[in-house]
file final-v4.txt (compact mmCIF, C-alpha atoms)
# COMPACT_ATOMS: atom_id res chain seq x y z
CA MET A 486 20.48 38.45 -35.60
CA THR A 487 17.21 37.81 -33.81
CA GLN A 488 15.54 37.53 -30.43
CA TYR A 489 15.20 33.83 -31.17
CA LYS A 490 17.66 31.62 -29.36
CA SER A 491 19.05 29.09 -31.81
CA LYS A 492 18.83 25.41 -30.88
CA HIS A 493 22.49 24.72 -31.60
CA GLY A 494 24.03 27.64 -29.74
CA TYR A 495 25.63 29.35 -32.77
CA GLU A 496 24.66 32.82 -33.80
CA GLY A 497 23.15 31.93 -37.16
CA LEU A 498 20.12 29.85 -38.02
CA LEU A 499 19.93 26.38 -39.46
CA ILE A 500 16.93 25.64 -41.66
CA VAL A 501 16.54 22.24 -43.28
CA ILE A 502 14.37 21.28 -46.24
CA GLU A 503 13.82 17.53 -46.39
CA GLY A 504 12.05 15.42 -48.96
CA THR A 505 12.81 12.83 -51.60
CA ASP A 506 14.03 13.62 -55.09
CA GLY A 507 11.25 15.24 -57.06
CA SER A 508 9.56 16.68 -53.99
CA GLY A 509 10.31 20.24 -55.12
CA LYS A 510 13.06 21.04 -52.62
CA SER A 511 15.35 22.92 -55.02
CA THR A 512 12.62 25.28 -56.17
CA GLN A 513 11.59 26.10 -52.62
CA ILE A 514 15.16 26.52 -51.44
CA GLU A 515 15.85 28.98 -54.22
CA ARG A 516 12.73 30.99 -53.36
CA LEU A 517 13.45 30.93 -49.64
CA LYS A 518 17.03 32.01 -50.23
CA ARG A 519 15.93 35.01 -52.29
CA TRP A 520 13.32 35.95 -49.72
CA ILE A 521 15.80 35.86 -46.84
CA GLU A 522 18.30 37.90 -48.85
CA ASP A 523 15.57 40.48 -49.41
CA GLN A 524 15.29 40.79 -45.62
CA SER A 525 19.01 41.69 -45.64
CA TYR A 526 20.35 38.56 -44.04
CA GLY A 527 23.36 36.59 -45.22
CA VAL A 528 22.21 33.23 -46.57
CA MET A 529 24.10 30.14 -47.55
CA VAL A 530 22.76 26.98 -49.17
CA SER A 531 24.49 23.65 -48.70
CA GLU A 532 23.50 20.32 -50.22
CA TRP A 533 23.83 16.84 -48.84
CA LYS A 534 26.91 15.32 -50.47
CA THR A 535 28.96 18.03 -52.04
CA SER A 536 32.37 18.27 -50.44
CA LYS A 537 34.94 17.96 -53.14
CA PHE A 538 37.32 15.26 -52.13
CA ILE A 539 34.81 12.73 -50.89
CA ALA A 540 32.23 13.33 -53.61
CA ASP A 541 34.72 11.94 -56.11
CA ALA A 542 35.15 8.74 -54.15
CA ILE A 543 31.40 8.32 -53.76
CA ASN A 544 30.65 8.94 -57.41
CA ASP A 545 33.43 6.70 -58.56
CA ALA A 546 32.18 3.87 -56.38
CA LYS A 547 28.57 4.47 -57.33
CA ASP A 548 29.46 4.20 -60.99
CA ARG A 549 30.91 0.82 -60.36
CA ASN A 550 28.07 -0.17 -58.00
CA LEU A 551 30.74 -1.13 -55.56
CA LEU A 552 29.38 0.08 -52.29
CA ASN A 553 27.92 -2.14 -49.66
CA ALA A 554 25.40 -0.53 -47.33
CA THR A 555 27.82 0.17 -44.47
CA THR A 556 30.53 1.68 -46.65
CA PHE A 557 27.94 3.84 -48.38
CA SER A 558 26.63 5.02 -45.07
CA LEU A 559 30.07 5.81 -43.65
CA LEU A 560 31.21 7.67 -46.76
CA TYR A 561 28.19 9.92 -46.56
CA ALA A 562 28.88 10.43 -42.88
CA ALA A 563 32.50 11.38 -43.61
CA ASP A 564 31.36 13.76 -46.28
CA PHE A 565 28.91 15.35 -43.88
CA ALA A 566 31.52 15.71 -41.12
CA ASP A 567 33.83 17.42 -43.58
CA ARG A 568 31.19 19.82 -44.81
CA LEU A 569 29.98 20.56 -41.30
CA GLU A 570 33.44 21.55 -40.14
CA GLN A 571 34.55 23.42 -43.25
CA VAL A 572 31.34 25.09 -44.36
CA ILE A 573 28.28 24.88 -42.13
CA ILE A 574 29.71 25.67 -38.69
CA PRO A 575 31.84 28.60 -39.92
CA ALA A 576 28.73 30.06 -41.60
CA LEU A 577 26.65 29.61 -38.45
CA LYS A 578 29.37 31.22 -36.36
CA ALA A 579 29.38 34.16 -38.75
CA GLY A 580 25.65 34.60 -38.18
CA PHE A 581 24.43 33.32 -41.55
CA VAL A 582 21.11 31.69 -42.20
CA VAL A 583 22.15 28.29 -43.48
CA ILE A 584 19.60 26.48 -45.63
CA LEU A 585 20.36 22.80 -45.94
CA ASP A 586 19.09 20.75 -48.84
CA ARG A 587 18.56 17.51 -46.89
CA TYR A 588 20.19 16.73 -43.58
CA ILE A 589 20.91 13.74 -41.35
CA TYR A 590 17.30 12.58 -41.73
CA THR A 591 18.06 11.71 -45.34
CA ALA A 592 20.86 9.48 -44.11
CA TYR A 593 18.57 7.89 -41.53
CA VAL A 594 15.93 7.14 -44.16
CA ARG A 595 18.30 5.74 -46.78
CA ASP A 596 20.25 3.66 -44.32
CA VAL A 597 17.33 2.27 -42.37
CA VAL A 598 15.77 1.15 -45.64
CA ARG A 599 19.10 -0.57 -46.38
CA GLY A 600 18.92 -2.49 -43.13
CA HIS A 601 20.87 -0.35 -40.68
CA ASN A 602 19.89 -0.01 -37.09
CA ILE A 603 18.54 3.45 -36.32
CA GLU A 604 20.39 3.63 -32.99
CA TRP A 605 23.68 2.95 -34.79
CA LEU A 606 22.90 5.82 -37.14
CA LYS A 607 21.89 8.24 -34.40
CA ASN A 608 25.19 7.59 -32.69
CA LEU A 609 27.02 8.09 -35.98
CA TYR A 610 25.56 11.59 -36.35
CA ASP A 611 25.27 12.56 -32.71
CA TYR A 612 27.60 15.55 -33.16
CA ALA A 613 25.37 17.21 -35.78
CA PRO A 614 23.90 20.54 -34.63
CA GLU A 615 20.14 20.52 -34.10
CA PRO A 616 18.34 22.50 -36.81
CA ASP A 617 16.15 25.43 -35.82
CA MET A 618 13.46 24.38 -38.26
CA VAL A 619 12.91 21.37 -40.54
CA PHE A 620 10.45 21.44 -43.43
CA TYR A 621 9.33 18.21 -44.98
CA LEU A 622 7.84 18.31 -48.47
CA ASP A 623 5.36 15.49 -48.61
CA VAL A 624 4.64 14.07 -52.07
CA PRO A 625 3.08 10.65 -52.79
CA VAL A 626 5.10 8.11 -54.75
CA GLU A 627 2.90 8.18 -57.84
CA ILE A 628 3.41 11.91 -58.28
CA LEU A 629 7.16 11.62 -57.60
CA LEU A 630 7.35 9.00 -60.32
CA LYS A 631 5.68 11.23 -62.89
CA ARG A 632 7.85 14.21 -61.99
CA ILE A 633 11.08 12.26 -62.14
CA ILE A 634 10.36 10.34 -65.32
CA GLY A 635 9.49 13.70 -66.88
CA THR A 636 12.80 15.30 -65.82
CA THR A 637 15.97 13.53 -64.69
CA GLY A 638 14.82 9.97 -65.28
CA LEU A 639 15.12 7.11 -62.81
CA ASP A 640 18.45 6.95 -61.02
CA TYR A 641 20.00 3.62 -59.95
CA TRP A 642 20.40 4.62 -56.30
CA GLU A 643 17.23 6.66 -55.95
CA SER A 644 15.41 3.61 -57.21
CA GLY A 645 17.05 1.41 -54.60
CA ARG A 646 18.34 -0.93 -57.32
CA ASP A 647 21.38 -1.69 -55.16
CA ILE A 648 19.22 -3.54 -52.65
CA GLY A 649 17.53 -5.78 -55.19
CA LEU A 650 13.89 -4.88 -54.58
CA SER A 651 12.87 -5.65 -58.15
CA SER A 652 14.63 -6.10 -61.48
CA ASP A 653 12.02 -3.79 -62.94
CA PHE A 654 13.35 -0.24 -62.60
CA TYR A 655 9.93 1.37 -62.37
CA LYS A 656 8.68 -1.08 -59.77
CA SER A 657 11.94 -0.84 -57.81
CA PHE A 658 11.55 2.93 -57.61
CA GLN A 659 7.97 2.54 -56.44
CA ILE A 660 8.86 0.11 -53.65
CA TYR A 661 12.03 1.92 -52.59
CA GLN A 662 10.53 5.40 -52.46
CA GLY A 663 7.48 3.98 -50.72
CA LYS A 664 9.73 2.60 -47.98
CA CYS A 665 11.55 5.94 -47.75
CA LEU A 666 8.29 7.85 -47.37
CA GLU A 667 7.27 5.52 -44.55
CA GLU A 668 10.52 6.27 -42.72
CA TYR A 669 10.11 10.01 -43.23
CA LYS A 670 6.60 9.83 -41.81
CA LYS A 671 7.88 8.10 -38.68
CA MET A 672 10.28 10.98 -38.09
CA ILE A 673 7.80 13.84 -38.47
CA LYS A 674 6.69 13.70 -34.87
CA GLU A 675 9.98 12.65 -33.29
CA TYR A 676 11.90 15.56 -34.80
CA GLY A 677 9.09 18.10 -35.08
CA PHE A 678 9.19 18.38 -38.88
CA ILE A 679 6.85 20.94 -40.38
CA SER A 680 5.19 18.79 -42.99
CA ILE A 681 3.93 20.59 -46.07
CA ASP A 682 1.80 19.13 -48.84
CA GLY A 683 4.25 19.11 -51.73
CA THR A 684 1.51 18.77 -54.33
CA LEU A 685 0.34 22.33 -53.72
CA ASN A 686 1.56 24.93 -56.17
CA GLU A 687 4.97 26.55 -55.74
CA LYS A 688 3.64 29.85 -54.48
CA GLU A 689 1.43 28.34 -51.82
CA ILE A 690 4.26 26.18 -50.49
CA HIS A 691 6.58 29.18 -50.44
CA LYS A 692 4.01 31.20 -48.45
CA LYS A 693 3.66 28.45 -45.88
CA ILE A 694 7.43 28.20 -45.48
CA ILE A 695 7.82 31.96 -45.11
CA SER A 696 5.12 32.21 -42.49
CA GLU A 697 7.02 29.68 -40.37
CA VAL A 698 10.44 31.19 -40.93
CA LYS A 699 9.13 34.56 -39.77
CA LYS A 700 8.69 33.02 -36.33
CA ILE A 701 12.42 32.64 -35.90
CA LEU A 702 13.78 35.45 -38.06
CA GLU A 703 13.31 39.08 -37.12
CA VAL A 704 11.93 40.81 -40.22
CA MET B 1033 40.20 -26.33 -40.86
CA THR B 1034 40.64 -27.03 -37.20
CA GLN B 1035 38.93 -28.29 -34.04
CA TYR B 1036 39.04 -24.71 -32.83
CA LYS B 1037 35.72 -22.90 -33.07
CA SER B 1038 36.36 -19.42 -34.44
CA LYS B 1039 35.06 -16.45 -32.49
CA HIS B 1040 33.33 -14.87 -35.48
CA GLY B 1041 31.50 -17.91 -36.81
CA TYR B 1042 33.27 -18.08 -40.20
CA GLU B 1043 35.30 -21.06 -41.23
CA GLY B 1044 38.65 -19.30 -41.40
CA LEU B 1045 40.74 -17.68 -38.70
CA LEU B 1046 41.33 -14.02 -38.02
CA ILE B 1047 44.69 -13.11 -36.51
CA VAL B 1048 45.54 -9.51 -35.78
CA ILE B 1049 48.95 -7.96 -35.23
CA GLU B 1050 48.68 -4.59 -33.51
CA GLY B 1051 51.33 -2.06 -32.66
CA THR B 1052 52.48 1.40 -33.67
CA ASP B 1053 54.64 2.17 -36.68
CA GLY B 1054 58.13 0.88 -36.08
CA SER B 1055 57.01 -1.87 -33.71
CA GLY B 1056 58.13 -4.56 -36.15
CA LYS B 1057 54.69 -5.69 -37.33
CA SER B 1058 55.57 -6.09 -41.02
CA THR B 1059 58.52 -8.34 -40.32
CA GLN B 1060 56.52 -10.57 -38.02
CA ILE B 1061 53.56 -10.71 -40.37
CA GLU B 1062 55.81 -11.81 -43.22
CA ARG B 1063 57.35 -14.56 -41.05
CA LEU B 1064 54.00 -15.71 -39.71
CA LYS B 1065 52.55 -15.80 -43.22
CA ARG B 1066 55.38 -18.00 -44.49
CA TRP B 1067 55.09 -20.31 -41.50
CA ILE B 1068 51.35 -20.78 -41.95
CA GLU B 1069 51.84 -21.45 -45.66
CA ASP B 1070 54.37 -24.11 -44.74
CA GLN B 1071 51.63 -25.80 -42.72
CA SER B 1072 49.62 -25.93 -45.98
CA TYR B 1073 46.98 -23.40 -45.07
CA GLY B 1074 45.75 -20.61 -47.31
CA VAL B 1075 46.85 -17.26 -45.87
CA MET B 1076 45.92 -13.73 -46.72
CA VAL B 1077 47.38 -10.53 -45.34
CA SER B 1078 45.36 -7.33 -45.27
CA GLU B 1079 46.51 -3.93 -44.06
CA TRP B 1080 44.58 -1.20 -42.35
CA LYS B 1081 43.73 1.35 -45.06
CA THR B 1082 44.25 -0.17 -48.44
CA SER B 1083 41.01 -0.31 -50.39
CA LYS B 1084 41.53 1.40 -53.66
CA PHE B 1085 38.84 3.96 -54.04
CA ILE B 1086 38.89 5.37 -50.52
CA ALA B 1087 42.65 5.33 -50.10
CA ASP B 1088 42.86 7.95 -52.83
CA ALA B 1089 40.47 10.24 -51.01
CA ILE B 1090 42.32 9.79 -47.73
CA ASN B 1091 45.73 10.39 -49.22
CA ASP B 1092 44.55 13.37 -51.17
CA ALA B 1093 43.06 14.94 -48.06
CA LYS B 1094 46.07 14.07 -45.93
CA ASP B 1095 48.33 15.79 -48.42
CA ARG B 1096 46.36 18.95 -48.00
CA ASN B 1097 46.03 18.45 -44.22
CA LEU B 1098 42.34 18.94 -44.71
CA LEU B 1099 40.84 16.40 -42.42
CA ASN B 1100 39.22 17.20 -39.14
CA ALA B 1101 39.17 14.43 -36.57
CA THR B 1102 35.64 13.21 -37.26
CA THR B 1103 36.04 13.12 -41.04
CA PHE B 1104 39.34 11.29 -40.65
CA SER B 1105 37.73 8.76 -38.38
CA LEU B 1106 34.74 8.18 -40.66
CA LEU B 1107 36.85 7.83 -43.79
CA TYR B 1108 38.90 5.12 -42.14
CA ALA B 1109 35.70 3.46 -41.00
CA ALA B 1110 34.30 3.55 -44.54
CA ASP B 1111 37.53 2.11 -45.85
CA PHE B 1112 37.40 -0.68 -43.30
CA ALA B 1113 33.75 -1.50 -44.09
CA ASP B 1114 34.64 -1.73 -47.76
CA ARG B 1115 37.62 -3.98 -47.18
CA LEU B 1116 35.72 -6.15 -44.72
CA GLU B 1117 32.95 -6.82 -47.22
CA GLN B 1118 35.10 -7.18 -50.33
CA VAL B 1119 38.18 -8.92 -48.98
CA ILE B 1120 38.20 -10.12 -45.38
CA ILE B 1121 34.80 -11.80 -45.05
CA PRO B 1122 35.06 -13.63 -48.40
CA ALA B 1123 38.49 -14.95 -47.34
CA LEU B 1124 37.16 -16.07 -43.96
CA LYS B 1125 34.23 -17.79 -45.62
CA ALA B 1126 36.66 -19.60 -47.91
CA GLY B 1127 38.50 -20.91 -44.84
CA PHE B 1128 41.62 -18.74 -45.12
CA VAL B 1129 43.79 -17.65 -42.25
CA VAL B 1130 43.52 -13.89 -42.49
CA ILE B 1131 46.37 -11.94 -40.91
CA LEU B 1132 45.47 -8.33 -40.33
CA ASP B 1133 48.11 -5.66 -40.04
CA ARG B 1134 46.28 -3.50 -37.48
CA TYR B 1135 42.57 -3.68 -36.80
CA ILE B 1136 39.83 -1.63 -35.18
CA TYR B 1137 42.05 -1.10 -32.10
CA THR B 1138 44.26 1.14 -34.20
CA ALA B 1139 41.21 3.25 -34.98
CA TYR B 1140 40.26 3.33 -31.31
CA VAL B 1141 43.73 4.48 -30.31
CA ARG B 1142 44.12 7.15 -32.97
CA ASP B 1143 40.64 8.51 -32.52
CA VAL B 1144 40.58 8.53 -28.74
CA VAL B 1145 43.86 10.45 -28.76
CA ARG B 1146 42.13 12.91 -31.13
CA GLY B 1147 39.34 13.45 -28.65
CA HIS B 1148 36.68 10.99 -29.72
CA ASN B 1149 34.50 9.20 -27.26
CA ILE B 1150 35.36 5.50 -27.06
CA GLU B 1151 31.69 4.48 -26.90
CA TRP B 1152 31.01 6.37 -30.13
CA LEU B 1153 33.86 4.45 -31.74
CA LYS B 1154 32.77 1.06 -30.45
CA ASN B 1155 29.35 1.66 -31.94
CA LEU B 1156 30.96 2.73 -35.21
CA TYR B 1157 32.77 -0.61 -35.51
CA ASP B 1158 30.25 -2.86 -33.82
CA TYR B 1159 29.79 -4.99 -36.95
CA ALA B 1160 33.49 -5.97 -37.12
CA PRO B 1161 34.10 -9.70 -36.59
CA GLU B 1162 35.89 -10.58 -33.36
CA PRO B 1163 39.46 -11.75 -34.02
CA ASP B 1164 40.54 -15.19 -32.87
CA MET B 1165 43.85 -13.85 -31.62
CA VAL B 1166 45.38 -10.40 -31.23
CA PHE B 1167 49.12 -9.87 -30.80
CA TYR B 1168 50.37 -6.57 -29.53
CA LEU B 1169 53.99 -5.68 -30.17
CA ASP B 1170 55.05 -3.52 -27.27
CA VAL B 1171 57.91 -1.09 -27.95
CA PRO B 1172 58.75 2.00 -25.85
CA VAL B 1173 58.61 5.41 -27.51
CA GLU B 1174 62.35 6.03 -27.36
CA ILE B 1175 63.08 2.88 -29.34
CA LEU B 1176 60.30 3.60 -31.82
CA LEU B 1177 61.81 7.02 -32.41
CA LYS B 1178 65.22 5.60 -33.19
CA ARG B 1179 63.80 2.96 -35.51
CA ILE B 1180 61.63 5.39 -37.43
CA ILE B 1181 64.20 8.15 -37.78
CA GLY B 1182 66.57 5.49 -39.09
CA THR B 1183 64.11 4.25 -41.73
CA THR B 1184 61.01 6.05 -43.00
CA GLY B 1185 61.45 9.28 -41.11
CA LEU B 1186 58.80 11.08 -39.07
CA ASP B 1187 55.40 11.22 -40.73
CA TYR B 1188 53.01 14.15 -40.23
CA TRP B 1189 50.11 12.00 -39.04
CA GLU B 1190 52.08 9.42 -37.12
CA SER B 1191 53.57 12.32 -35.22
CA GLY B 1192 50.13 13.70 -34.42
CA ARG B 1193 51.09 17.05 -35.95
CA ASP B 1194 47.44 17.54 -36.96
CA ILE B 1195 46.40 17.89 -33.32
CA GLY B 1196 48.97 20.55 -32.47
CA LEU B 1197 50.84 18.83 -29.65
CA SER B 1198 54.07 20.63 -30.39
CA SER B 1199 55.54 22.58 -33.26
CA ASP B 1200 58.68 20.50 -32.80
CA PHE B 1201 58.31 17.38 -34.95
CA TYR B 1202 60.44 15.19 -32.70
CA LYS B 1203 58.67 16.26 -29.55
CA SER B 1204 55.25 15.94 -31.20
CA PHE B 1205 56.06 12.35 -32.16
CA GLN B 1206 57.18 11.62 -28.62
CA ILE B 1207 54.02 13.00 -27.03
CA TYR B 1208 51.66 11.55 -29.64
CA GLN B 1209 53.09 8.05 -29.64
CA GLY B 1210 53.27 8.15 -25.86
CA LYS B 1211 49.54 8.84 -25.74
CA CYS B 1212 48.91 6.05 -28.25
CA LEU B 1213 50.89 3.56 -26.19
CA GLU B 1214 48.83 4.47 -23.13
CA GLU B 1215 45.63 3.74 -25.02
CA TYR B 1216 46.97 0.42 -26.31
CA LYS B 1217 47.90 -0.58 -22.77
CA LYS B 1218 44.36 0.11 -21.57
CA MET B 1219 43.04 -2.29 -24.19
CA ILE B 1220 45.35 -5.23 -23.48
CA LYS B 1221 43.14 -6.60 -20.73
CA GLU B 1222 39.78 -5.60 -22.14
CA TYR B 1223 40.39 -7.36 -25.44
CA GLY B 1224 42.73 -10.10 -24.31
CA PHE B 1225 45.70 -8.96 -26.40
CA ILE B 1226 48.74 -11.19 -26.26
CA SER B 1227 51.37 -8.59 -25.49
CA ILE B 1228 54.87 -9.34 -26.72
CA ASP B 1229 58.03 -7.43 -25.90
CA GLY B 1230 58.84 -5.89 -29.29
CA THR B 1231 62.43 -5.16 -28.32
CA LEU B 1232 63.32 -8.86 -28.39
CA ASN B 1233 65.01 -10.11 -31.51
CA GLU B 1234 62.95 -11.09 -34.57
CA LYS B 1235 63.39 -14.81 -34.08
CA GLU B 1236 62.32 -14.83 -30.48
CA ILE B 1237 59.21 -12.80 -31.23
CA HIS B 1238 58.37 -15.12 -34.09
CA LYS B 1239 58.71 -18.15 -31.82
CA LYS B 1240 56.38 -16.65 -29.25
CA ILE B 1241 53.80 -15.87 -31.91
CA ILE B 1242 53.98 -19.35 -33.40
CA SER B 1243 53.57 -21.04 -30.05
CA GLU B 1244 50.31 -19.14 -29.54
CA VAL B 1245 49.01 -19.67 -33.07
CA LYS B 1246 49.53 -23.41 -32.68
CA LYS B 1247 46.80 -23.33 -30.05
CA ILE B 1248 44.17 -22.45 -32.61
CA LEU B 1249 45.59 -23.99 -35.78
CA GLU B 1250 45.81 -27.72 -36.25
CA VAL B 1251 49.37 -28.44 -37.34

call {"tool": "encode", "arguments": {"input": "final-v4.txt", "output": "structure tokens"}}
result
Amino acid sequence: MTQYKSKHGYEGLLIVIEGTDGSGKSTQIERLKRWIEDQSYGVMVSEWKTSKFIADAINDAKDRNLLNATTFSLLYAADFADRLEQVIIPALKAGFVVILDRYIYTAYVRDVVRGHNIEWLKNLYDYAPEPDMVFYLDVPVEILLKRIIGTTGLDYWESGRDIGLSSDFYKSFQIYQGKCLEEYKKMIKEYGFISIDGTLNEKEIHKKIISEVKKILEV
Amino acid sequence: MTQYKSKHGYEGLLIVIEGTDGSGKSTQIERLKRWIEDQSYGVMVSEWKTSKFIADAINDAKDRNLLNATTFSLLYAADFADRLEQVIIPALKAGFVVILDRYIYTAYVRDVVRGHNIEWLKNLYDYAPEPDMVFYLDVPVEILLKRIIGTTGLDYWESGRDIGLSSDFYKSFQIYQGKCLEEYKKMIKEYGFISIDGTLNEKEIHKKIISEVKKILEV
């Protein structure tokens, strides 16, 4: 599809958009998808946690607040393995541009904040193909809070209520997301994330993303 | 409960019975359980793969033969983590003798035969408490075959049909279980399994097990 040699060895490209809830990922993914389609490439979007048979188990357990940190972590890993095999790798083999809404870095962040050892996690996901490009939408906690309260409302898990940071939902969200942002920041350099200021307006962010994607996609 | 210092640091004892399907584990576990009860100890039996919410996902996926090796492996791991946290550790803390019908060694065997790296697996289960005693019921493939055909019949997964060893069910079982037995044998020394000839009669096996258990249980 391009002169660019993919990092994972498959014919397609793997582009990841990372960021916490409320960072504007969905909007940017939708715009990027349309833009790539306009360049006449096949595009596929896949979200973290969507494969049918495991999603039910996760949601069921979440509803009952049953999951301990390790089970939670392993269920997500199983879900990812399933989706990788059934959806992502076939699409990459077929030469698609695969846009992933969150990737293993999301698992690293969530699990490290819940007390897991990062080396344990890296081993757990060591079979995951290396993305060709990772964008990180950087948004400070206070702005995330406003965006989320104004839309979906505070979620039990996204507020880290399961790890008992505070009985106050608002405060728990603040502390939990703050910890997550710290972990994301640590990974920027290690994994070569392209960090983008998520407080810019939609169009500007889209432009920045496109200018990077052009480096690996022949248009 | 005893002068014996447990290997995992909890007050109770963790006794594992390992062996393939048809090796006579259930019978021996039932006998051992009754014997320990007769010594006035609290006993609990827990099987590999039984926690409610994940078992459904596993069975559902098995029915549709959907699982790739990594997903399979991670689902079992998630199930184990759940059961460990909810059932096994609370029982050990309460001073119970916990008899486990298969343990992490079963996962090692099944997953190594399916191509996983043993180091990856050891990392995956590195939080599992070390058992105080592991019995391995050793039965040759030909005898297993006769026992299983005479009772439950050949199962898709226990015959390793998912990894395409042979289109002939009987032959597939033979090859698959043969590979499993090889892996078990490698572990006997590494993990200090007490290997017992599973072709002996029930009573004799029971006697051997009891004589070992007496070493760690004050009776």

call {"tool": "residues_around", "arguments": {"input": "final-v4.txt", "residues": "Cys665 (chain A)", "least_positions_apart": "5", "cutoff": "7 Å", "atoms": "all atoms listed in the file", "output": "list in words"}}
result
Val594, Arg595 and Val598 of chain A

call {"tool": "write_last_selection", "arguments": {"input": "final-v4.txt", "atoms": "C-alpha atoms", "output": "mmCIF file, keeping the file's coordinate frame"}}
result
data_model
loop_
_atom_site.group_PDB
_atom_site.id
_atom_site.type_symbol
_atom_site.label_atom_id
_atom_site.label_comp_id
_atom_site.auth_asym_id
_atom_site.auth_seq_id
_atom_site.Cartn_x
_atom_site.Cartn_y
_atom_site.Cartn_z
ATOM 1 C CA VAL A 594 15.930 7.140 -44.160
ATOM 2 C CA ARG A 595 18.300 5.740 -46.780
ATOM 3 C CA VAL A 598 15.770 1.150 -45.640
#

call {"tool": "residues_around", "arguments": {"input": "final-v4.txt", "residues": "Ile673 (chain A)", "least_positions_apart": "5", "cutoff": "12 Å", "atoms": "all atoms listed in the file", "output": "tab-separated table (two decimals) with C-alpha atoms, in the frame of the given file"}}
result
chain	number	residue	atom	x	y	z
A	503	GLU	CA	13.82	17.53	-46.39
A	504	GLY	CA	12.05	15.42	-48.96
A	590	TYR	CA	17.30	12.58	-41.73
A	594	VAL	CA	15.93	7.14	-44.16
A	618	MET	CA	13.46	24.38	-38.26
A	619	VAL	CA	12.91	21.37	-40.54
A	620	PHE	CA	10.45	21.44	-43.43
A	621	TYR	CA	9.33	18.21	-44.98
A	622	LEU	CA	7.84	18.31	-48.47
A	623	ASP	CA	5.36	15.49	-48.61
A	666	LEU	CA	8.29	7.85	-47.37
A	667	GLU	CA	7.27	5.52	-44.55
A	668	GLU	CA	10.52	6.27	-42.72
A	678	PHE	CA	9.19	18.38	-38.88
A	679	ILE	CA	6.85	20.94	-40.38
A	680	SER	CA	5.19	18.79	-42.99
A	681	ILE	CA	3.93	20.59	-46.07

call {"tool": "interface_residues", "arguments": {"input": "final-v4.txt", "of": "chain B", "to": "chain A", "cutoff": "10 Å", "atoms": "all atoms listed in the file", "output": "PDB file with C-alpha atoms, in the frame of the given file"}}
result
ATOM      1  CA  LYS B1084      41.530   1.400 -53.660  1.00  0.00           C
ATOM      2  CA  PHE B1085      38.840   3.960 -54.040  1.00  0.00           C
ATOM      3  CA  ILE B1086      38.890   5.370 -50.520  1.00  0.00           C
ATOM      4  CA  ALA B1087      42.650   5.330 -50.100  1.00  0.00           C
ATOM      5  CA  ASP B1088      42.860   7.950 -52.830  1.00  0.00           C
ATOM      6  CA  ALA B1089      40.470  10.240 -51.010  1.00  0.00           C
ATOM      7  CA  ILE B1090      42.320   9.790 -47.730  1.00  0.00           C
ATOM      8  CA  ASP B1092      44.550  13.370 -51.170  1.00  0.00           C
ATOM      9  CA  ALA B1093      43.060  14.940 -48.060  1.00  0.00           C
ATOM     10  CA  LEU B1098      42.340  18.940 -44.710  1.00  0.00           C
ATOM     11  CA  LEU B1099      40.840  16.400 -42.420  1.00  0.00           C
ATOM     12  CA  ASN B1100      39.220  17.200 -39.140  1.00  0.00           C
ATOM     13  CA  ALA B1101      39.170  14.430 -36.570  1.00  0.00           C
ATOM     14  CA  THR B1102      35.640  13.210 -37.260  1.00  0.00           C
ATOM     15  CA  THR B1103      36.040  13.120 -41.040  1.00  0.00           C
ATOM     16  CA  PHE B1104      39.340  11.290 -40.650  1.00  0.00           C
ATOM     17  CA  SER B1105      37.730   8.760 -38.380  1.00  0.00           C
ATOM     18  CA  LEU B1106      34.740   8.180 -40.660  1.00  0.00           C
ATOM     19  CA  LEU B1107      36.850   7.830 -43.790  1.00  0.00           C
ATOM     20  CA  TYR B1108      38.900   5.120 -42.140  1.00  0.00           C
ATOM     21  CA  ALA B1109      35.700   3.460 -41.000  1.00  0.00           C
ATOM     22  CA  ALA B1110      34.300   3.550 -44.540  1.00  0.00           C
ATOM     23  CA  ASP B1111      37.530   2.110 -45.850  1.00  0.00           C
ATOM     24  CA  PHE B1112      37.400  -0.680 -43.300  1.00  0.00           C
ATOM     25  CA  ALA B1113      33.750  -1.500 -44.090  1.00  0.00           C
ATOM     26  CA  ASP B1114      34.640  -1.730 -47.760  1.00  0.00           C
ATOM     27  CA  ARG B1115      37.620  -3.980 -47.180  1.00  0.00           C
ATOM     28  CA  LEU B1116      35.720  -6.150 -44.720  1.00  0.00           C
ATOM     29  CA  GLU B1117      32.950  -6.820 -47.220  1.00  0.00           C
ATOM     30  CA  GLN B1118      35.100  -7.180 -50.330  1.00  0.00           C
ATOM     31  CA  GLU B1151      31.690   4.480 -26.900  1.00  0.00           C
ATOM     32  CA  TRP B1152      31.010   6.370 -30.130  1.00  0.00           C
ATOM     33  CA  LEU B1153      33.860   4.450 -31.740  1.00  0.00           C
ATOM     34  CA  ASN B1155      29.350   1.660 -31.940  1.00  0.00           C
ATOM     35  CA  LEU B1156      30.960   2.730 -35.210  1.00  0.00           C
ATOM     36  CA  TYR B1157      32.770  -0.610 -35.510  1.00  0.00           C
ATOM     37  CA  ASP B1158      30.250  -2.860 -33.820  1.00  0.00           C
ATOM     38  CA  TYR B1159      29.790  -4.990 -36.950  1.00  0.00           C
TER      39      TYR B1159
END

call {"tool": "closest_residue", "arguments": {"input": "final-v4.txt", "among": "A:Thr591, A:Ser644, A:Thr512, A:Ser651", "to": "Gly663 (chain A)", "atoms": "only C-alpha atoms"}}
result
A:Ser644

call {"tool": "closest_residue", "arguments": {"input": "final-v4.txt", "among": "B:Asn1149, B:Ser1058, B:Asn1091, B:Thr1231", "to": "Leu1176 (chain B)", "atoms": "all atoms listed in the file"}}
result
B:Thr1231

call {"tool": "atom_distance", "arguments": {"input": "final-v4.txt", "atom1": "CA of Asp1194 (chain B)", "atom2": "CA of Ala613 (chain A)"}}
result
22.1 Å
